[in-house]
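Q: Dropping in start.txt, with compact mmCIF, N, CA, C and O atoms.
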```txt
# COMPACT_ATOMS: atom_id res chain seq x y z
N MET A 1 56.89 -66.29 -226.47
CA MET A 1 56.04 -66.76 -227.56
C MET A 1 56.35 -65.91 -228.79
O MET A 1 56.41 -64.69 -228.70
N ASN A 2 56.57 -66.56 -229.92
CA ASN A 2 56.86 -65.78 -231.12
C ASN A 2 55.59 -65.10 -231.64
O ASN A 2 54.48 -65.42 -231.22
N ARG A 3 55.79 -64.16 -232.52
CA ARG A 3 54.67 -63.32 -232.97
C ARG A 3 53.53 -64.09 -233.63
O ARG A 3 52.37 -63.89 -233.26
N PRO A 4 53.80 -65.00 -234.58
CA PRO A 4 52.67 -65.75 -235.17
C PRO A 4 51.93 -66.61 -234.14
O PRO A 4 50.70 -66.70 -234.18
N ALA A 5 52.67 -67.18 -233.20
CA ALA A 5 52.01 -67.99 -232.17
C ALA A 5 51.18 -67.11 -231.25
O ALA A 5 50.07 -67.49 -230.84
N LEU A 6 51.68 -65.93 -230.92
CA LEU A 6 50.94 -65.00 -230.09
C LEU A 6 49.66 -64.56 -230.80
O LEU A 6 48.58 -64.51 -230.19
N ARG A 7 49.78 -64.24 -232.08
CA ARG A 7 48.59 -63.84 -232.85
C ARG A 7 47.57 -64.95 -232.89
O ARG A 7 46.36 -64.70 -232.71
N ALA A 8 48.01 -66.19 -233.08
CA ALA A 8 47.08 -67.33 -233.12
C ALA A 8 46.42 -67.52 -231.76
O ALA A 8 45.22 -67.79 -231.67
N HIS A 9 47.20 -67.39 -230.70
CA HIS A 9 46.67 -67.54 -229.35
C HIS A 9 45.60 -66.48 -229.06
O HIS A 9 44.52 -66.80 -228.54
N LEU A 10 45.90 -65.24 -229.40
CA LEU A 10 44.96 -64.16 -229.15
C LEU A 10 43.73 -64.27 -230.04
O LEU A 10 42.61 -63.95 -229.62
N ARG A 11 43.91 -64.75 -231.27
CA ARG A 11 42.74 -64.92 -232.16
C ARG A 11 41.83 -66.01 -231.61
O ARG A 11 40.60 -65.88 -231.67
N ALA A 12 42.42 -67.06 -231.06
CA ALA A 12 41.62 -68.13 -230.45
C ALA A 12 40.84 -67.58 -229.26
O ALA A 12 39.69 -67.95 -229.03
N LYS A 13 41.47 -66.68 -228.51
CA LYS A 13 40.80 -66.06 -227.36
C LYS A 13 39.60 -65.23 -227.84
O LYS A 13 38.53 -65.27 -227.24
N VAL A 14 39.78 -64.50 -228.93
CA VAL A 14 38.68 -63.71 -229.50
C VAL A 14 37.56 -64.64 -229.96
O VAL A 14 36.38 -64.38 -229.70
N ASN A 15 37.92 -65.74 -230.62
CA ASN A 15 36.91 -66.68 -231.11
C ASN A 15 36.14 -67.31 -229.96
O ASN A 15 34.92 -67.50 -230.06
N ARG A 16 36.84 -67.65 -228.86
CA ARG A 16 36.14 -68.22 -227.69
C ARG A 16 35.18 -67.20 -227.10
O ARG A 16 34.05 -67.55 -226.71
N ALA A 17 35.60 -65.95 -227.01
CA ALA A 17 34.74 -64.90 -226.46
C ALA A 17 33.52 -64.69 -227.35
O ALA A 17 32.40 -64.51 -226.85
N ALA A 18 33.71 -64.73 -228.65
CA ALA A 18 32.58 -64.57 -229.58
C ALA A 18 31.61 -65.74 -229.45
O ALA A 18 30.38 -65.54 -229.47
N GLN A 19 32.14 -66.94 -229.32
CA GLN A 19 31.28 -68.12 -229.14
C GLN A 19 30.48 -68.00 -227.85
O GLN A 19 29.29 -68.31 -227.81
N ARG A 20 31.11 -67.53 -226.79
CA ARG A 20 30.42 -67.36 -225.51
C ARG A 20 29.30 -66.33 -225.64
O ARG A 20 28.20 -66.52 -225.11
N LEU A 21 29.55 -65.26 -226.40
CA LEU A 21 28.50 -64.26 -226.63
C LEU A 21 27.31 -64.88 -227.37
O LEU A 21 26.16 -64.60 -227.04
N ARG A 22 27.59 -65.70 -228.38
CA ARG A 22 26.50 -66.36 -229.11
C ARG A 22 25.69 -67.27 -228.20
O ARG A 22 24.45 -67.30 -228.27
N GLU A 23 26.38 -68.00 -227.32
CA GLU A 23 25.67 -68.89 -226.38
C GLU A 23 24.80 -68.09 -225.42
O GLU A 23 23.64 -68.46 -225.18
N LEU A 24 25.34 -67.01 -224.87
CA LEU A 24 24.58 -66.19 -223.94
C LEU A 24 23.39 -65.53 -224.63
O LEU A 24 22.30 -65.41 -224.05
N HIS A 25 23.58 -65.12 -225.87
CA HIS A 25 22.48 -64.49 -226.61
C HIS A 25 21.37 -65.50 -226.85
O HIS A 25 20.18 -65.17 -226.74
N ALA A 26 21.73 -66.73 -227.15
CA ALA A 26 20.73 -67.77 -227.37
C ALA A 26 19.93 -68.03 -226.09
O ALA A 26 18.74 -68.35 -226.15
N MET A 27 20.58 -67.87 -224.94
CA MET A 27 19.90 -68.08 -223.65
C MET A 27 19.21 -66.81 -223.16
O MET A 27 18.56 -66.82 -222.12
N ARG A 28 19.40 -65.70 -223.88
CA ARG A 28 18.85 -64.40 -223.49
C ARG A 28 19.34 -63.99 -222.10
O ARG A 28 18.59 -63.46 -221.29
N ASP A 29 20.62 -64.22 -221.85
CA ASP A 29 21.23 -63.85 -220.56
C ASP A 29 21.88 -62.48 -220.72
O ASP A 29 23.06 -62.35 -221.01
N TRP A 30 21.07 -61.43 -220.53
CA TRP A 30 21.54 -60.09 -220.83
C TRP A 30 22.64 -59.63 -219.86
O TRP A 30 23.56 -58.91 -220.28
N GLU A 31 22.55 -60.02 -218.60
CA GLU A 31 23.59 -59.63 -217.64
C GLU A 31 24.92 -60.31 -218.00
O GLU A 31 25.98 -59.70 -217.92
N GLY A 32 24.86 -61.57 -218.39
CA GLY A 32 26.06 -62.29 -218.80
C GLY A 32 26.67 -61.69 -220.06
O GLY A 32 27.89 -61.64 -220.21
N ILE A 33 25.81 -61.22 -220.95
CA ILE A 33 26.28 -60.61 -222.19
C ILE A 33 27.08 -59.34 -221.89
O ILE A 33 28.10 -59.09 -222.53
N LYS A 34 26.65 -58.57 -220.92
CA LYS A 34 27.38 -57.33 -220.57
C LYS A 34 28.83 -57.65 -220.20
O LYS A 34 29.75 -56.97 -220.64
N VAL A 35 29.01 -58.69 -219.40
CA VAL A 35 30.36 -59.07 -218.96
C VAL A 35 31.13 -59.68 -220.13
O VAL A 35 32.30 -59.36 -220.36
N ALA A 36 30.47 -60.57 -220.87
CA ALA A 36 31.14 -61.25 -221.98
C ALA A 36 31.53 -60.27 -223.09
O ALA A 36 32.55 -60.46 -223.75
N LEU A 37 30.73 -59.25 -223.28
CA LEU A 37 31.05 -58.26 -224.31
C LEU A 37 32.32 -57.50 -223.96
O LEU A 37 33.16 -57.24 -224.83
N GLN A 38 32.50 -57.18 -222.69
CA GLN A 38 33.73 -56.52 -222.26
C GLN A 38 34.93 -57.43 -222.49
O GLN A 38 35.98 -56.98 -222.97
N ALA A 39 34.78 -58.71 -222.18
CA ALA A 39 35.87 -59.67 -222.39
C ALA A 39 36.18 -59.80 -223.87
O ALA A 39 37.36 -59.89 -224.27
N TYR A 40 35.14 -59.80 -224.70
CA TYR A 40 35.34 -59.89 -226.15
C TYR A 40 36.15 -58.70 -226.66
O TYR A 40 37.12 -58.87 -227.39
N TRP A 41 35.76 -57.49 -226.29
CA TRP A 41 36.45 -56.31 -226.80
C TRP A 41 37.87 -56.22 -226.28
O TRP A 41 38.78 -55.78 -226.99
N GLN A 42 38.09 -56.66 -225.04
CA GLN A 42 39.45 -56.68 -224.52
C GLN A 42 40.32 -57.64 -225.32
O GLN A 42 41.44 -57.30 -225.72
N ALA A 43 39.81 -58.83 -225.58
CA ALA A 43 40.56 -59.81 -226.37
C ALA A 43 40.80 -59.30 -227.78
O ALA A 43 41.89 -59.45 -228.34
N ASP A 44 39.78 -58.68 -228.38
CA ASP A 44 39.91 -58.16 -229.73
C ASP A 44 40.96 -57.06 -229.80
O ASP A 44 41.77 -57.02 -230.73
N ASN A 45 40.98 -56.19 -228.80
CA ASN A 45 41.97 -55.10 -228.78
C ASN A 45 43.38 -55.65 -228.60
O ASN A 45 44.33 -55.14 -229.22
N GLU A 46 43.53 -56.68 -227.75
CA GLU A 46 44.85 -57.31 -227.59
C GLU A 46 45.33 -57.92 -228.90
O GLU A 46 46.50 -57.78 -229.27
N TRP A 47 44.41 -58.56 -229.61
CA TRP A 47 44.76 -59.19 -230.89
C TRP A 47 45.17 -58.12 -231.91
O TRP A 47 46.18 -58.26 -232.59
N ARG A 48 44.40 -57.05 -231.99
CA ARG A 48 44.71 -55.98 -232.95
C ARG A 48 46.05 -55.30 -232.63
O ARG A 48 46.73 -54.82 -233.53
N ALA A 49 46.41 -55.26 -231.37
CA ALA A 49 47.65 -54.60 -230.97
C ALA A 49 48.89 -55.34 -231.47
O ALA A 49 49.94 -54.73 -231.65
N VAL A 50 48.77 -56.64 -231.73
CA VAL A 50 49.94 -57.40 -232.19
C VAL A 50 49.91 -57.68 -233.69
O VAL A 50 50.77 -58.40 -234.21
N LEU A 51 48.95 -57.13 -234.40
CA LEU A 51 48.90 -57.35 -235.86
C LEU A 51 50.07 -56.70 -236.56
O LEU A 51 50.61 -55.72 -236.16
```
Could you quickly redo this structure as structure tokens?
A:
Amino acid sequence: MNRPALRAHLRAKVNRAAQRLRELHAMRDWEGIKVALQAYWQADNEWRAVL
């Protein structure tokens, strides 16, 4: 995968994780948020690593 495509793919992953966090927060699912937050930060760190 070329670099711009990889960046777009990883940014989409970050956006999906952020959307999932918003959904869980709306449902007040605190245990789910703990897991989703880890997934969000992992995706965000992967995205930042290829900037």
Q: To one decimal in Å, tell me the separation between atom O of Val14 (chain A) and atom C of Tyr40 (chain A).
A: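 About the pair atom O of Val14 (chain A) and atom C of Tyr40 (chain A): they are 6.4 Å apart.
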Q: Within 8 Å of Glu46 (chain A), counting all atoms listed in the file, which residues show up once you throw out same-chain ones fewer than 6 positions away? Write them as a ChimeraX atom specification, please.
A: /A:6-7,10-11,39-40
Q: Please measure the separation of atom N of Val35 (chain A) and atom O of Asn15 (chain A), giving the value in Å to one decimal.
A: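 Atom N of Val35 (chain A) sits 15.0 Å away from atom O of Asn15 (chain A).
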Q: Go ahead and compute the interatomic distance for atom N of Ala8 (chain A) and CA of Trp47 (chain A), in Å to one decimal.
A: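 Straight-line distance from atom N of Ala8 (chain A) to CA of Trp47 (chain A) works out to 8.0 Å.
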Q: The centre and edge lengths of an axis-aligned box containing all atoms of region 4-20 of chain A present in the file, extended by 6 Å on each side, are to be given in Å to one decimal, as AutoDock Vina command-line options.
A:
```
--center_x 41.0 --center_y -66.0 --center_z -230.1 --size_x 37.6 --size_y 16.6 --size_z 22.1
```
Q: Which residue out of A:Leu51, A:Ala17, A:Ala12, A:Met1 has the minimum interatomic distance to Gly32 (chain A) when only C-alpha atoms are used?
A: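 That would be A:Ala17, the residue with the smallest distance to Gly32 (chain A).
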Q: Name all residues at most 8 Å from Arg20 (chain A) (count only N, CA, C and O atoms; drop same-chain ones fewer than 6 positions away) and give them as a PDB file with N, CA, C and O atoms, keeping the file's coordinate frame.
A:
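As a result, selection_37.pdb now contains:
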```pdb
ATOM      1  N   LYS A  13      41.470 -66.680-228.510  1.00  0.00           N
ATOM      2  CA  LYS A  13      40.800 -66.060-227.360  1.00  0.00           C
ATOM      3  C   LYS A  13      39.600 -65.230-227.840  1.00  0.00           C
ATOM      4  O   LYS A  13      38.530 -65.270-227.240  1.00  0.00           O
ATOM      5  N   VAL A  14      39.780 -64.500-228.930  1.00  0.00           N
ATOM      6  CA  VAL A  14      38.680 -63.710-229.500  1.00  0.00           C
ATOM      7  C   VAL A  14      37.560 -64.640-229.960  1.00  0.00           C
ATOM      8  O   VAL A  14      36.380 -64.380-229.700  1.00  0.00           O
ATOM      9  N   ALA A  26      21.730 -66.730-227.150  1.00  0.00           N
ATOM     10  CA  ALA A  26      20.730 -67.770-227.370  1.00  0.00           C
ATOM     11  C   ALA A  26      19.930 -68.030-226.090  1.00  0.00           C
ATOM     12  O   ALA A  26      18.740 -68.350-226.150  1.00  0.00           O
ATOM     13  N   MET A  27      20.580 -67.870-224.940  1.00  0.00           N
ATOM     14  CA  MET A  27      19.900 -68.080-223.650  1.00  0.00           C
ATOM     15  C   MET A  27      19.210 -66.810-223.160  1.00  0.00           C
ATOM     16  O   MET A  27      18.560 -66.820-222.120  1.00  0.00           O
ATOM     17  N   ASP A  29      20.620 -64.220-221.850  1.00  0.00           N
ATOM     18  CA  ASP A  29      21.230 -63.850-220.560  1.00  0.00           C
ATOM     19  C   ASP A  29      21.880 -62.480-220.720  1.00  0.00           C
ATOM     20  O   ASP A  29      23.060 -62.350-221.010  1.00  0.00           O
ATOM     21  N   GLY A  32      24.860 -61.570-218.390  1.00  0.00           N
ATOM     22  CA  GLY A  32      26.060 -62.290-218.800  1.00  0.00           C
ATOM     23  C   GLY A  32      26.670 -61.690-220.060  1.00  0.00           C
ATOM     24  O   GLY A  32      27.890 -61.640-220.210  1.00  0.00           O
ATOM     25  N   ILE A  33      25.810 -61.220-220.950  1.00  0.00           N
ATOM     26  CA  ILE A  33      26.280 -60.610-222.190  1.00  0.00           C
ATOM     27  C   ILE A  33      27.080 -59.340-221.890  1.00  0.00           C
ATOM     28  O   ILE A  33      28.100 -59.090-222.530  1.00  0.00           O
ATOM     29  N   ALA A  36      30.470 -60.570-220.870  1.00  0.00           N
ATOM     30  CA  ALA A  36      31.140 -61.250-221.980  1.00  0.00           C
ATOM     31  C   ALA A  36      31.530 -60.270-223.090  1.00  0.00           C
ATOM     32  O   ALA A  36      32.550 -60.460-223.750  1.00  0.00           O
ATOM     33  N   LEU A  37      30.730 -59.250-223.280  1.00  0.00           N
ATOM     34  CA  LEU A  37      31.050 -58.260-224.310  1.00  0.00           C
ATOM     35  C   LEU A  37      32.320 -57.500-223.960  1.00  0.00           C
ATOM     36  O   LEU A  37      33.160 -57.240-224.830  1.00  0.00           O
TER      37      LEU A  37
END
```
